[in-house]
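Engineer: Structure file entry08.csv (CSV, C-alpha atoms) right here:
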```csv
chain,number,residue,atom,x,y,z
A,1,MET,CA,72.4,115.0,53.6
A,2,LEU,CA,70.5,112.0,54.8
A,3,GLU,CA,72.6,108.9,55.4
A,4,SER,CA,71.4,105.4,54.7
A,5,VAL,CA,70.4,103.2,57.6
A,6,ALA,CA,71.2,99.5,57.8
A,7,VAL,CA,68.2,97.4,58.6
A,8,LYS,CA,68.6,93.8,59.6
A,9,PRO,CA,65.6,91.6,58.9
A,10,ILE,CA,64.3,89.9,62.1
A,11,GLY,CA,62.6,87.1,60.3
A,12,VAL,CA,61.2,85.7,57.1
A,13,VAL,CA,57.7,85.0,55.6
A,14,HIS,CA,56.7,81.5,54.5
A,15,ASN,CA,53.6,80.8,52.5
A,16,SER,CA,52.2,79.3,49.3
A,17,VAL,CA,52.6,82.4,47.2
A,18,LYS,CA,55.8,82.2,45.1
A,19,GLU,CA,55.2,85.1,42.7
A,20,PRO,CA,54.2,88.7,43.3
A,21,ARG,CA,50.5,89.4,42.6
A,22,MET,CA,48.0,92.2,43.0
A,23,GLY,CA,45.2,91.0,45.3
A,24,GLY,CA,43.6,88.0,46.8
A,25,TRP,CA,45.7,87.9,50.0
A,26,GLU,CA,42.8,87.9,52.6
A,27,SER,CA,42.6,84.2,53.1
A,28,ILE,CA,46.3,83.5,52.7
A,29,GLU,CA,47.9,82.0,55.8
A,30,SER,CA,51.5,82.7,56.3
A,31,THR,CA,54.1,81.8,59.0
A,32,ILE,CA,56.6,84.3,60.1
A,33,VAL,CA,59.7,82.6,61.4
A,34,VAL,CA,61.5,85.1,63.6
A,35,GLN,CA,65.3,84.6,64.3
A,36,ASP,CA,65.9,82.6,67.4
A,37,ARG,CA,67.7,85.5,69.1
A,38,TRP,CA,64.5,87.5,68.9
A,39,ALA,CA,62.0,84.8,69.9
A,40,SER,CA,61.5,86.1,73.4
A,41,ALA,CA,60.9,89.6,72.0
A,42,LEU,CA,57.6,88.2,70.8
A,43,ASP,CA,56.4,87.6,74.4
A,44,GLY,CA,52.9,89.0,74.8
A,45,LEU,CA,52.3,89.7,71.1
A,46,GLU,CA,50.0,86.6,71.1
A,47,ARG,CA,47.5,88.6,73.2
A,48,PHE,CA,46.7,90.9,70.3
A,49,SER,CA,44.2,89.9,67.7
A,50,HIS,CA,45.9,91.9,64.9
A,51,ILE,CA,49.4,93.1,64.2
A,52,PHE,CA,51.3,95.2,61.7
A,53,VAL,CA,53.9,93.4,59.7
A,54,ILE,CA,56.6,95.7,58.2
A,55,TYR,CA,58.6,93.9,55.5
A,56,TRP,CA,61.0,94.4,52.7
A,57,MET,CA,59.8,93.8,49.1
A,58,HIS,CA,63.1,92.3,48.1
A,59,LEU,CA,62.1,91.5,44.4
A,60,VAL,CA,61.7,95.2,43.4
A,61,SER,CA,64.7,96.1,41.3
A,62,GLU,CA,67.0,98.8,42.5
A,63,GLN,CA,66.9,100.5,39.2
A,64,LEU,CA,63.2,100.7,39.0
A,65,ARG,CA,62.7,102.1,42.5
A,66,ALA,CA,65.5,104.6,42.0
A,67,THR,CA,63.9,106.1,38.9
A,68,MET,CA,60.1,105.5,38.9
A,69,THR,CA,58.1,108.4,40.5
A,70,HIS,CA,54.6,107.6,39.1
A,71,VAL,CA,52.5,104.5,38.6
A,72,HIS,CA,49.0,103.6,37.5
A,73,PRO,CA,47.5,102.3,40.7
A,74,ARG,CA,46.8,98.6,40.6
A,75,GLY,CA,48.5,98.5,37.2
A,76,ASP,CA,45.3,99.8,35.7
A,77,PRO,CA,46.0,102.2,32.8
A,78,GLN,CA,42.5,103.6,33.2
A,79,ILE,CA,43.5,105.1,36.5
A,80,PRO,CA,45.5,108.3,36.0
A,81,LEU,CA,49.2,108.2,37.0
A,82,GLN,CA,49.8,108.9,40.7
A,83,GLY,CA,53.0,109.6,42.6
A,84,VAL,CA,54.3,106.4,44.1
A,85,PHE,CA,53.8,107.7,47.6
A,86,ALA,CA,50.1,108.2,46.9
A,87,THR,CA,49.8,104.5,46.2
A,88,ARG,CA,50.6,101.2,47.8
A,89,SER,CA,52.7,100.1,44.9
A,90,PRO,CA,55.7,97.9,45.7
A,91,VAL,CA,57.8,100.2,43.4
A,92,ARG,CA,58.8,103.1,45.7
A,93,PRO,CA,62.1,104.5,46.8
A,94,ASN,CA,62.2,102.1,49.8
A,95,PRO,CA,60.2,99.1,49.0
A,96,ILE,CA,58.8,98.8,52.6
A,97,GLY,CA,55.6,96.8,52.8
A,98,LEU,CA,53.0,97.3,55.6
A,99,ARG,CA,50.1,95.2,56.3
A,100,THR,CA,47.6,94.7,59.1
A,101,VAL,CA,47.1,91.0,59.6
A,102,ALA,CA,45.1,88.7,61.9
A,103,LEU,CA,47.5,86.9,64.4
A,104,LEU,CA,46.2,83.3,64.6
A,105,GLU,CA,48.9,81.8,66.8
A,106,ARG,CA,52.4,82.2,68.2
A,107,ARG,CA,54.5,79.3,69.0
A,108,GLY,CA,58.0,80.1,70.2
A,109,ASN,CA,59.6,82.1,67.4
A,110,VAL,CA,56.9,81.3,64.8
A,111,LEU,CA,53.8,83.4,64.2
A,112,ARG,CA,50.9,82.2,62.1
A,113,VAL,CA,49.0,85.1,60.4
A,114,ARG,CA,46.2,85.6,57.9
A,115,GLY,CA,46.1,88.2,55.2
A,116,LEU,CA,49.7,89.1,54.8
A,117,ASP,CA,50.3,90.4,51.3
A,118,ALA,CA,53.9,89.3,51.1
A,119,ILE,CA,55.3,86.4,49.0
A,120,ASP,CA,57.3,83.4,50.3
A,121,GLY,CA,60.8,84.3,51.4
A,122,THR,CA,60.1,88.0,52.1
A,123,PRO,CA,62.3,89.5,54.9
A,124,VAL,CA,60.5,90.9,57.8
A,125,LEU,CA,61.8,94.2,59.4
A,126,ASP,CA,59.5,94.8,62.3
A,127,LEU,CA,56.3,93.6,64.0
A,128,LYS,CA,54.0,95.8,66.0
A,129,PRO,CA,50.7,95.3,67.9
A,130,TYR,CA,47.7,97.0,66.2
A,131,LEU,CA,46.2,99.6,68.6
A,132,PHE,CA,43.0,100.9,67.2
A,133,TYR,CA,43.2,104.2,69.1
A,134,TYR,CA,46.4,105.1,67.2
A,135,ASP,CA,46.0,103.0,64.1
A,136,GLY,CA,42.4,103.1,63.1
A,137,VAL,CA,40.9,106.2,61.5
A,138,ALA,CA,37.1,105.9,61.1
A,139,GLU,CA,36.8,109.3,59.4
A,140,SER,CA,39.5,108.9,56.8
A,141,THR,CA,38.7,109.8,53.2
A,142,VAL,CA,40.3,108.8,49.9
A,143,PRO,CA,40.1,109.9,46.3
A,144,ASP,CA,37.8,108.3,43.8
A,145,TRP,CA,40.3,105.8,42.4
A,146,ALA,CA,41.0,104.4,45.8
A,147,GLN,CA,37.4,103.9,47.0
A,148,ARG,CA,37.6,100.2,46.8
A,149,PRO,CA,40.1,97.4,47.4
A,150,ALA,CA,42.1,96.1,44.4
A,151,GLU,CA,40.7,93.2,42.4
A,152,GLY,CA,40.8,89.9,44.1
A,153,ARG,CA,40.1,91.3,47.5
A,154,THR,CA,36.9,90.6,49.4
A,155,PRO,CA,34.2,93.2,49.1
A,156,LEU,CA,33.5,95.6,51.9
A,157,PRO,CA,31.0,94.6,54.6
A,158,PRO,CA,27.7,96.4,54.6
A,159,GLY,CA,27.8,99.8,56.2
A,160,LYS,CA,31.5,100.1,55.6
A,161,GLU,CA,31.3,102.3,52.5
A,162,PRO,CA,34.4,104.5,52.2
A,163,GLY,CA,34.3,108.2,52.7
A,164,GLN,CA,35.0,110.4,49.7
A,165,ARG,CA,36.9,113.6,49.6
A,166,SER,CA,35.4,116.1,47.2
B,1,MET,CA,71.1,84.0,56.7
B,2,LEU,CA,69.3,87.3,56.3
B,3,GLU,CA,71.3,90.2,54.9
B,4,SER,CA,70.9,93.8,55.9
B,5,VAL,CA,69.2,96.1,53.6
B,6,ALA,CA,70.3,99.7,53.1
B,7,VAL,CA,67.4,102.1,53.4
B,8,LYS,CA,67.9,105.7,52.2
B,9,PRO,CA,65.7,108.3,54.0
B,10,ILE,CA,63.4,110.2,51.6
B,11,GLY,CA,62.8,113.1,53.8
B,12,VAL,CA,63.0,114.6,57.3
B,13,VAL,CA,60.6,115.7,60.0
B,14,HIS,CA,60.5,119.2,61.4
B,15,ASN,CA,58.5,120.3,64.4
B,16,SER,CA,58.8,121.8,67.9
B,17,VAL,CA,59.6,118.6,69.8
B,18,LYS,CA,63.3,118.4,70.4
B,19,GLU,CA,63.5,115.6,72.9
B,20,PRO,CA,61.9,112.1,72.9
B,21,ARG,CA,58.7,111.9,75.0
B,22,MET,CA,56.0,109.4,75.7
B,23,GLY,CA,52.7,110.9,74.7
B,24,GLY,CA,50.9,114.2,73.8
B,25,TRP,CA,51.5,114.1,70.1
B,26,GLU,CA,47.9,114.4,68.9
B,27,SER,CA,48.0,118.2,68.4
B,28,ILE,CA,51.6,118.5,67.3
B,29,GLU,CA,51.9,119.8,63.8
B,30,SER,CA,55.0,118.7,61.8
B,31,THR,CA,56.3,119.3,58.4
B,32,ILE,CA,57.9,116.6,56.4
B,33,VAL,CA,60.4,117.9,53.9
B,34,VAL,CA,60.8,115.3,51.1
B,35,GLN,CA,64.0,115.3,49.1
B,36,ASP,CA,63.6,117.4,45.9
B,37,ARG,CA,64.2,114.3,43.7
B,38,TRP,CA,61.1,112.7,45.2
B,39,ALA,CA,58.8,115.7,45.2
B,40,SER,CA,56.8,114.5,42.3
B,41,ALA,CA,56.3,111.1,43.8
B,42,LEU,CA,53.9,112.9,46.3
B,43,ASP,CA,51.5,113.7,43.4
B,44,GLY,CA,48.0,112.7,44.5
B,45,LEU,CA,48.8,112.1,48.1
B,46,GLU,CA,47.1,115.4,49.0
B,47,ARG,CA,43.8,113.8,48.1
B,48,PHE,CA,44.0,111.5,51.1
B,49,SER,CA,42.9,112.7,54.5
B,50,HIS,CA,45.3,110.4,56.4
B,51,ILE,CA,48.6,108.8,55.7
B,52,PHE,CA,51.1,106.5,57.2
B,53,VAL,CA,54.5,107.9,58.0
B,54,ILE,CA,57.2,105.3,58.4
B,55,TYR,CA,60.3,106.7,60.0
B,56,TRP,CA,63.6,105.9,61.7
B,57,MET,CA,64.0,106.6,65.4
B,58,HIS,CA,67.6,107.6,65.0
B,59,LEU,CA,68.3,108.4,68.7
B,60,VAL,CA,67.8,104.8,69.9
B,61,SER,CA,71.3,103.4,70.7
B,62,GLU,CA,72.6,100.5,68.7
B,63,GLN,CA,73.7,98.7,71.8
B,64,LEU,CA,70.3,99.0,73.4
B,65,ARG,CA,68.3,97.8,70.5
B,66,ALA,CA,70.7,94.9,69.9
B,67,THR,CA,70.3,93.6,73.4
B,68,MET,CA,67.0,94.6,74.9
B,69,THR,CA,64.2,92.0,74.3
B,70,HIS,CA,61.7,93.1,76.9
B,71,VAL,CA,60.3,96.5,78.2
B,72,HIS,CA,57.7,97.8,80.6
B,73,PRO,CA,55.2,99.3,78.3
B,74,ARG,CA,55.0,103.1,78.5
B,75,GLY,CA,58.0,102.9,80.9
B,76,ASP,CA,55.5,101.9,83.7
B,77,PRO,CA,57.0,99.4,86.1
B,78,GLN,CA,53.5,98.4,87.2
B,79,ILE,CA,52.9,96.9,83.7
B,80,PRO,CA,54.6,93.5,83.5
B,81,LEU,CA,57.5,93.2,81.1
B,82,GLN,CA,56.5,92.5,77.5
B,83,GLY,CA,58.6,91.5,74.5
B,84,VAL,CA,59.5,94.6,72.5
B,85,PHE,CA,57.5,93.4,69.5
B,86,ALA,CA,54.4,93.3,71.7
B,87,THR,CA,54.8,97.0,72.3
B,88,ARG,CA,55.3,100.3,70.4
B,89,SER,CA,58.5,101.0,72.3
B,90,PRO,CA,61.2,102.8,70.2
B,91,VAL,CA,63.7,100.3,71.6
B,92,ARG,CA,63.4,97.3,69.2
B,93,PRO,CA,65.8,95.6,66.9
B,94,ASN,CA,65.0,98.0,64.0
B,95,PRO,CA,63.7,101.3,65.4
B,96,ILE,CA,61.2,101.8,62.7
B,97,GLY,CA,58.4,104.2,63.7
B,98,LEU,CA,54.9,104.0,62.3
B,99,ARG,CA,52.1,106.5,62.8
B,100,THR,CA,48.8,107.3,61.1
B,101,VAL,CA,48.6,111.1,60.8
B,102,ALA,CA,46.2,113.6,59.4
B,103,LEU,CA,47.5,115.2,56.2
B,104,LEU,CA,46.7,118.9,56.4
B,105,GLU,CA,48.5,120.2,53.3
B,106,ARG,CA,51.0,119.3,50.6
B,107,ARG,CA,53.0,122.1,48.9
B,108,GLY,CA,55.6,120.8,46.4
B,109,ASN,CA,57.9,118.7,48.4
B,110,VAL,CA,56.6,119.6,51.8
B,111,LEU,CA,53.8,117.9,53.7
B,112,ARG,CA,52.1,119.4,56.8
B,113,VAL,CA,50.7,116.8,59.1
B,114,ARG,CA,49.1,116.5,62.6
B,115,GLY,CA,49.7,113.8,65.1
B,116,LEU,CA,53.1,112.5,64.1
B,117,ASP,CA,55.0,111.1,67.1
B,118,ALA,CA,58.5,111.8,65.8
B,119,ILE,CA,60.9,114.4,67.1
B,120,ASP,CA,62.5,117.2,65.0
B,121,GLY,CA,65.1,115.8,62.7
B,122,THR,CA,63.7,112.3,62.4
B,123,PRO,CA,64.5,110.7,59.0
B,124,VAL,CA,61.5,109.5,57.1
B,125,LEU,CA,61.7,106.2,55.2
B,126,ASP,CA,58.3,105.9,53.4
B,127,LEU,CA,54.9,107.5,53.1
B,128,LYS,CA,51.7,105.6,52.3
B,129,PRO,CA,48.0,106.6,51.9
B,130,TYR,CA,45.8,105.3,54.6
B,131,LEU,CA,43.2,102.9,53.1
B,132,PHE,CA,40.6,102.0,55.7
B,133,TYR,CA,39.7,98.7,54.0
B,134,TYR,CA,43.2,97.4,54.4
B,135,ASP,CA,44.4,99.4,57.4
B,136,GLY,CA,41.4,99.7,59.7
B,137,VAL,CA,40.4,96.8,61.9
B,138,ALA,CA,37.2,97.5,63.8
B,139,GLU,CA,37.2,94.1,65.5
B,140,SER,CA,40.7,94.2,66.9
B,141,THR,CA,41.3,93.3,70.5
B,142,VAL,CA,44.1,94.0,72.8
B,143,PRO,CA,45.3,92.8,76.3
B,144,ASP,CA,44.4,94.7,79.5
B,145,TRP,CA,47.5,96.8,79.7
B,146,ALA,CA,47.0,98.1,76.2
B,147,GLN,CA,43.3,99.1,76.6
B,148,ARG,CA,44.0,102.8,76.6
B,149,PRO,CA,46.4,105.2,75.0
B,150,ALA,CA,49.5,106.2,76.8
B,151,GLU,CA,49.4,109.2,79.2
B,152,GLY,CA,49.2,112.6,77.5
B,153,ARG,CA,47.1,111.3,74.7
B,154,THR,CA,43.5,112.5,74.2
B,155,PRO,CA,40.8,110.2,75.6
B,156,LEU,CA,38.8,107.9,73.4
B,157,PRO,CA,35.6,109.4,72.0
B,158,PRO,CA,32.3,107.9,73.4
B,159,GLY,CA,31.4,104.6,71.9
B,160,LYS,CA,35.0,103.8,71.0
B,161,GLU,CA,35.8,101.6,73.9
B,162,PRO,CA,38.4,99.1,73.0
B,163,GLY,CA,37.7,95.4,72.7
B,164,GLN,CA,39.3,93.0,75.1
B,165,ARG,CA,40.7,89.5,74.5
B,166,SER,CA,40.0,87.2,77.4
```
Is it possible to give me this structure as structure tokens?
Structural biologist:
Amino acid sequence: MLESVAVKPIGVVHNSVKEPRMGGWESIESTIVVQDRWASALDGLERFSHIFVIYWMHLVSEQLRATMTHVHPRGDPQIPLQGVFATRSPVRPNPIGLRTVALLERRGNVLRVRGLDAIDGTPVLDLKPYLFYYDGVAESTVPDWAQRPAEGRTPLPPGKEPGQRS
Amino acid sequence: MLESVAVKPIGVVHNSVKEPRMGGWESIESTIVVQDRWASALDGLERFSHIFVIYWMHLVSEQLRATMTHVHPRGDPQIPLQGVFATRSPVRPNPIGLRTVALLERRGNVLRVRGLDAIDGTPVLDLKPYLFYYDGVAESTVPDWAQRPAEGRTPLPPGKEPGQRS
């Protein structure tokens, strides 16, 4: 029997996006306002170009996430149903969001980032530096449906075509 | 005021590592046993070569994580103190672990993975497919102290020297 854990948000996202949406986050700038008590725990984070933001997608209904096991990725009915863990759908048992973002600035308890795919008011659970030797996987492969970013995202740069698993 | 969220683990890690340790996880094989009720939510995950495992470092004491704001990275007193959010230290306000792992096999509700840096018995909160176009950042840079993996990890392959931010 696995017991629930209580997670206390350490900050909150502020940006111009007030409603959930599928793509088009790349150029969005957000601020992450960290609680005063944790401001000093950011010391040194400003020396990393990219960070992970782990957040809580608070608008996903409890009922939906407790019952839904499959989704059409990207809400596209032409893509066959996949288990929610095989997708980045917000609807999943624990609606934890994860995104690698560019860290533009830190000022005290406030971070300014670009590319975070979280709406205004989203609680933040953790922040981590991006370390390419743990976090980057050049040889990763994905199934056909996941070969390209969702609509509204910027295209891949040349020479960055995804791998494909047969 | 940010309210706590209740996160219910969706599975548990099993492997040969019974005590926390700093490095040497690359070759460790683990199984992740997902709760039966979520077994079908894994459908399609087996088509990805790499996945994120988001887990809960349950051995970190509440007192420590509620009070400690700075650590010496890798427990090395020669590295200047950094804010915990600037490190991958298990001691952080919410001891959420994140690791990219190779997915070797899925059988029903059981995943077999390589490279997970979590000890036997660790609760798992979420699983996500690794999508290089969101998750990989070729141009990321890190400060001096973080240029190389922690002791016990495999060296970088040739041509994969980390960037450095001045």
Engineer: Measuring atom to atom with only C-alpha atoms, identify which of A:Ser4, A:Gln78, A:Gln147, A:Asn109 is nearest to chain B.
Structural biologist: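 Answer, going by the shortest atom-to-atom distance: A:Ser4.
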Engineer: Just fit chain A onto chain B on all the Cα atoms, in order, by least squares, and give it as a short mmCIF file (atom, residue, chain, number, x, y, z; two decimals) with C-alpha atoms, in the coordinates of the input.
Structural biologist:
```cif
data_model
loop_
_atom_site.label_atom_id
_atom_site.label_comp_id
_atom_site.auth_asym_id
_atom_site.auth_seq_id
_atom_site.Cartn_x
_atom_site.Cartn_y
_atom_site.Cartn_z
CA MET A 1 71.13 84.08 56.75
CA LEU A 2 69.28 87.32 56.34
CA GLU A 3 71.32 90.16 54.87
CA SER A 4 70.93 93.76 55.91
CA VAL A 5 69.12 96.13 53.60
CA ALA A 6 70.21 99.71 53.00
CA VAL A 7 67.42 102.18 53.42
CA LYS A 8 67.81 105.73 52.25
CA PRO A 9 65.63 108.25 54.04
CA ILE A 10 63.37 110.18 51.59
CA GLY A 11 62.88 113.11 53.85
CA VAL A 12 63.06 114.59 57.31
CA VAL A 13 60.56 115.66 60.06
CA HIS A 14 60.51 119.23 61.38
CA ASN A 15 58.58 120.25 64.44
CA SER A 16 58.77 121.82 67.90
CA VAL A 17 59.61 118.64 69.74
CA LYS A 18 63.38 118.41 70.37
CA GLU A 19 63.45 115.54 72.88
CA PRO A 20 61.87 112.10 72.82
CA ARG A 21 58.71 111.83 74.97
CA MET A 22 55.94 109.36 75.67
CA GLY A 23 52.62 110.94 74.66
CA GLY A 24 50.92 114.15 73.85
CA TRP A 25 51.56 114.08 70.07
CA GLU A 26 47.88 114.49 68.85
CA SER A 27 47.94 118.20 68.38
CA ILE A 28 51.55 118.44 67.25
CA GLU A 29 51.94 119.82 63.73
CA SER A 30 54.93 118.71 61.85
CA THR A 31 56.31 119.36 58.31
CA ILE A 32 57.84 116.60 56.37
CA VAL A 33 60.34 117.95 53.89
CA VAL A 34 60.80 115.31 51.22
CA GLN A 35 64.03 115.37 49.04
CA ASP A 36 63.57 117.36 45.91
CA ARG A 37 64.18 114.31 43.71
CA TRP A 38 61.11 112.71 45.22
CA ALA A 39 58.76 115.71 45.24
CA SER A 40 56.75 114.57 42.27
CA ALA A 41 56.35 111.13 43.88
CA LEU A 42 54.00 112.89 46.26
CA ASP A 43 51.54 113.72 43.43
CA GLY A 44 48.03 112.75 44.50
CA LEU A 45 48.89 112.04 48.15
CA GLU A 46 47.17 115.39 48.99
CA ARG A 47 43.82 113.76 48.12
CA PHE A 48 43.98 111.50 51.16
CA SER A 49 42.87 112.72 54.51
CA HIS A 50 45.29 110.46 56.45
CA ILE A 51 48.61 108.84 55.72
CA PHE A 52 51.09 106.46 57.30
CA VAL A 53 54.46 107.89 58.04
CA ILE A 54 57.24 105.24 58.39
CA TYR A 55 60.36 106.72 60.02
CA TRP A 56 63.60 105.87 61.63
CA MET A 57 64.02 106.52 65.40
CA HIS A 58 67.60 107.58 64.95
CA LEU A 59 68.27 108.40 68.72
CA VAL A 60 67.86 104.75 69.89
CA SER A 61 71.32 103.45 70.63
CA GLU A 62 72.61 100.52 68.68
CA GLN A 63 73.64 98.77 71.78
CA LEU A 64 70.33 99.01 73.46
CA ARG A 65 68.31 97.76 70.48
CA ALA A 66 70.75 94.94 69.88
CA THR A 67 70.36 93.56 73.40
CA MET A 68 66.98 94.61 74.91
CA THR A 69 64.18 92.01 74.32
CA HIS A 70 61.65 93.19 76.98
CA VAL A 71 60.32 96.50 78.20
CA HIS A 72 57.69 97.79 80.59
CA PRO A 73 55.20 99.34 78.23
CA ARG A 74 55.04 103.09 78.51
CA GLY A 75 57.96 102.90 80.94
CA ASP A 76 55.50 101.96 83.63
CA PRO A 77 57.01 99.42 86.06
CA GLN A 78 53.51 98.46 87.13
CA ILE A 79 52.91 96.93 83.75
CA PRO A 80 54.55 93.50 83.48
CA LEU A 81 57.52 93.18 81.08
CA GLN A 82 56.50 92.51 77.47
CA GLY A 83 58.56 91.48 74.47
CA VAL A 84 59.52 94.54 72.49
CA PHE A 85 57.51 93.40 69.52
CA ALA A 86 54.37 93.33 71.66
CA THR A 87 54.82 97.02 72.32
CA ARG A 88 55.30 100.24 70.46
CA SER A 89 58.50 101.01 72.24
CA PRO A 90 61.17 102.85 70.25
CA VAL A 91 63.72 100.26 71.58
CA ARG A 92 63.36 97.32 69.14
CA PRO A 93 65.75 95.56 66.85
CA ASN A 94 64.93 98.01 64.00
CA PRO A 95 63.79 101.20 65.46
CA ILE A 96 61.11 101.76 62.71
CA GLY A 97 58.37 104.13 63.76
CA LEU A 98 54.82 104.02 62.25
CA ARG A 99 52.16 106.47 62.72
CA THR A 100 48.83 107.33 61.15
CA VAL A 101 48.61 111.08 60.80
CA ALA A 102 46.15 113.66 59.44
CA LEU A 103 47.54 115.22 56.14
CA LEU A 104 46.71 118.95 56.39
CA GLU A 105 48.46 120.18 53.25
CA ARG A 106 51.04 119.40 50.58
CA ARG A 107 52.97 122.04 48.93
CA GLY A 108 55.57 120.86 46.45
CA ASN A 109 57.91 118.61 48.42
CA VAL A 110 56.59 119.67 51.87
CA LEU A 111 53.77 117.94 53.71
CA ARG A 112 52.12 119.42 56.77
CA VAL A 113 50.73 116.73 59.16
CA ARG A 114 49.12 116.50 62.58
CA GLY A 115 49.80 113.87 65.16
CA LEU A 116 53.13 112.53 64.10
CA ASP A 117 54.92 111.08 67.10
CA ALA A 118 58.40 111.74 65.82
CA ILE A 119 60.86 114.40 67.11
CA ASP A 120 62.51 117.17 65.04
CA GLY A 121 65.15 115.88 62.65
CA THR A 122 63.79 112.31 62.38
CA PRO A 123 64.48 110.63 58.97
CA VAL A 124 61.52 109.53 57.07
CA LEU A 125 61.66 106.14 55.17
CA ASP A 126 58.34 105.89 53.45
CA LEU A 127 54.90 107.51 53.15
CA LYS A 128 51.74 105.65 52.29
CA PRO A 129 48.04 106.59 51.86
CA TYR A 130 45.80 105.22 54.66
CA LEU A 131 43.16 102.88 53.13
CA PHE A 132 40.66 101.94 55.73
CA TYR A 133 39.69 98.68 53.99
CA TYR A 134 43.25 97.36 54.47
CA ASP A 135 44.38 99.41 57.42
CA GLY A 136 41.49 99.72 59.78
CA VAL A 137 40.40 96.78 61.92
CA ALA A 138 37.15 97.52 63.80
CA GLU A 139 37.15 94.14 65.56
CA SER A 140 40.69 94.15 66.85
CA THR A 141 41.30 93.26 70.49
CA VAL A 142 44.19 93.98 72.85
CA PRO A 143 45.32 92.82 76.25
CA ASP A 144 44.43 94.62 79.43
CA TRP A 145 47.56 96.77 79.64
CA ALA A 146 47.00 98.16 76.21
CA GLN A 147 43.31 99.12 76.55
CA ARG A 148 44.01 102.76 76.56
CA PRO A 149 46.38 105.26 74.94
CA ALA A 150 49.55 106.23 76.85
CA GLU A 151 49.43 109.23 79.17
CA GLY A 152 49.23 112.53 77.49
CA ARG A 153 47.07 111.31 74.69
CA THR A 154 43.48 112.44 74.22
CA PRO A 155 40.84 110.17 75.64
CA LEU A 156 38.79 107.94 73.41
CA PRO A 157 35.56 109.30 71.92
CA PRO A 158 32.35 107.91 73.28
CA GLY A 159 31.39 104.57 71.86
CA LYS A 160 34.96 103.81 70.94
CA GLU A 161 35.75 101.57 73.91
CA PRO A 162 38.43 99.01 73.00
CA GLY A 163 37.69 95.36 72.67
CA GLN A 164 39.27 93.02 75.20
CA ARG A 165 40.65 89.61 74.61
CA SER A 166 39.95 87.25 77.47
#
```
Engineer: Out of A:Ala86, A:Val7, A:Leu131, A:Val60, which residue has the shortest atom-to-atom distance to Phe48 in chain B when counting all atoms listed in the file?
Structural biologist: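 Nearest candidate to Phe48 in chain B out of A:Ala86, A:Val7, A:Leu131, A:Val60: A:Ala86.
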Engineer: Near chain A, meaning an atom within 8 Å, which residues of chain B appear when counting all atoms listed in the file? Write them as a tab-separated table (two decimals) with C-alpha atoms, in the frame of the given file.
Structural biologist:
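Output file out22.tsv follows:
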```
chain	number	residue	atom	x	y	z
B	2	LEU	CA	69.30	87.30	56.30
B	3	GLU	CA	71.30	90.20	54.90
B	4	SER	CA	70.90	93.80	55.90
B	5	VAL	CA	69.20	96.10	53.60
B	6	ALA	CA	70.30	99.70	53.10
B	7	VAL	CA	67.40	102.10	53.40
B	8	LYS	CA	67.90	105.70	52.20
B	9	PRO	CA	65.70	108.30	54.00
B	10	ILE	CA	63.40	110.20	51.60
B	11	GLY	CA	62.80	113.10	53.80
B	38	TRP	CA	61.10	112.70	45.20
B	40	SER	CA	56.80	114.50	42.30
B	41	ALA	CA	56.30	111.10	43.80
B	42	LEU	CA	53.90	112.90	46.30
B	43	ASP	CA	51.50	113.70	43.40
B	44	GLY	CA	48.00	112.70	44.50
B	45	LEU	CA	48.80	112.10	48.10
B	47	ARG	CA	43.80	113.80	48.10
B	48	PHE	CA	44.00	111.50	51.10
B	49	SER	CA	42.90	112.70	54.50
B	50	HIS	CA	45.30	110.40	56.40
B	69	THR	CA	64.20	92.00	74.30
B	70	HIS	CA	61.70	93.10	76.90
B	82	GLN	CA	56.50	92.50	77.50
B	83	GLY	CA	58.60	91.50	74.50
B	84	VAL	CA	59.50	94.60	72.50
B	85	PHE	CA	57.50	93.40	69.50
B	86	ALA	CA	54.40	93.30	71.70
B	87	THR	CA	54.80	97.00	72.30
B	88	ARG	CA	55.30	100.30	70.40
B	93	PRO	CA	65.80	95.60	66.90
B	94	ASN	CA	65.00	98.00	64.00
B	96	ILE	CA	61.20	101.80	62.70
B	99	ARG	CA	52.10	106.50	62.80
B	100	THR	CA	48.80	107.30	61.10
B	123	PRO	CA	64.50	110.70	59.00
B	125	LEU	CA	61.70	106.20	55.20
B	126	ASP	CA	58.30	105.90	53.40
B	127	LEU	CA	54.90	107.50	53.10
B	128	LYS	CA	51.70	105.60	52.30
B	129	PRO	CA	48.00	106.60	51.90
B	130	TYR	CA	45.80	105.30	54.60
B	131	LEU	CA	43.20	102.90	53.10
B	132	PHE	CA	40.60	102.00	55.70
B	133	TYR	CA	39.70	98.70	54.00
B	134	TYR	CA	43.20	97.40	54.40
B	135	ASP	CA	44.40	99.40	57.40
B	136	GLY	CA	41.40	99.70	59.70
B	137	VAL	CA	40.40	96.80	61.90
B	138	ALA	CA	37.20	97.50	63.80
B	140	SER	CA	40.70	94.20	66.90
B	141	THR	CA	41.30	93.30	70.50
B	142	VAL	CA	44.10	94.00	72.80
B	143	PRO	CA	45.30	92.80	76.30
B	146	ALA	CA	47.00	98.10	76.20
B	148	ARG	CA	44.00	102.80	76.60
B	149	PRO	CA	46.40	105.20	75.00
B	156	LEU	CA	38.80	107.90	73.40
B	162	PRO	CA	38.40	99.10	73.00
B	165	ARG	CA	40.70	89.50	74.50
```
Engineer: Work out how far apart CA of Ser16 in chain B and CA of Val110 in chain B are and give it in Å to one decimal.
Structural biologist: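 CA of Val110 in chain B lies 16.4 Å from CA of Ser16 in chain B.
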Engineer: Rounded to one decimal, what separation in Å do you get between CA of Val113 in chain B and CA of Ser30 in chain B?
Structural biologist: 5.4 Å
Engineer: Of the candidates A:Glu151, A:Asp36, A:Glu105, A:Asp117, which shows the shortest atom-to-atom distance to Met57 in chain A, using all atoms listed in the file?
Structural biologist: A:Asp117
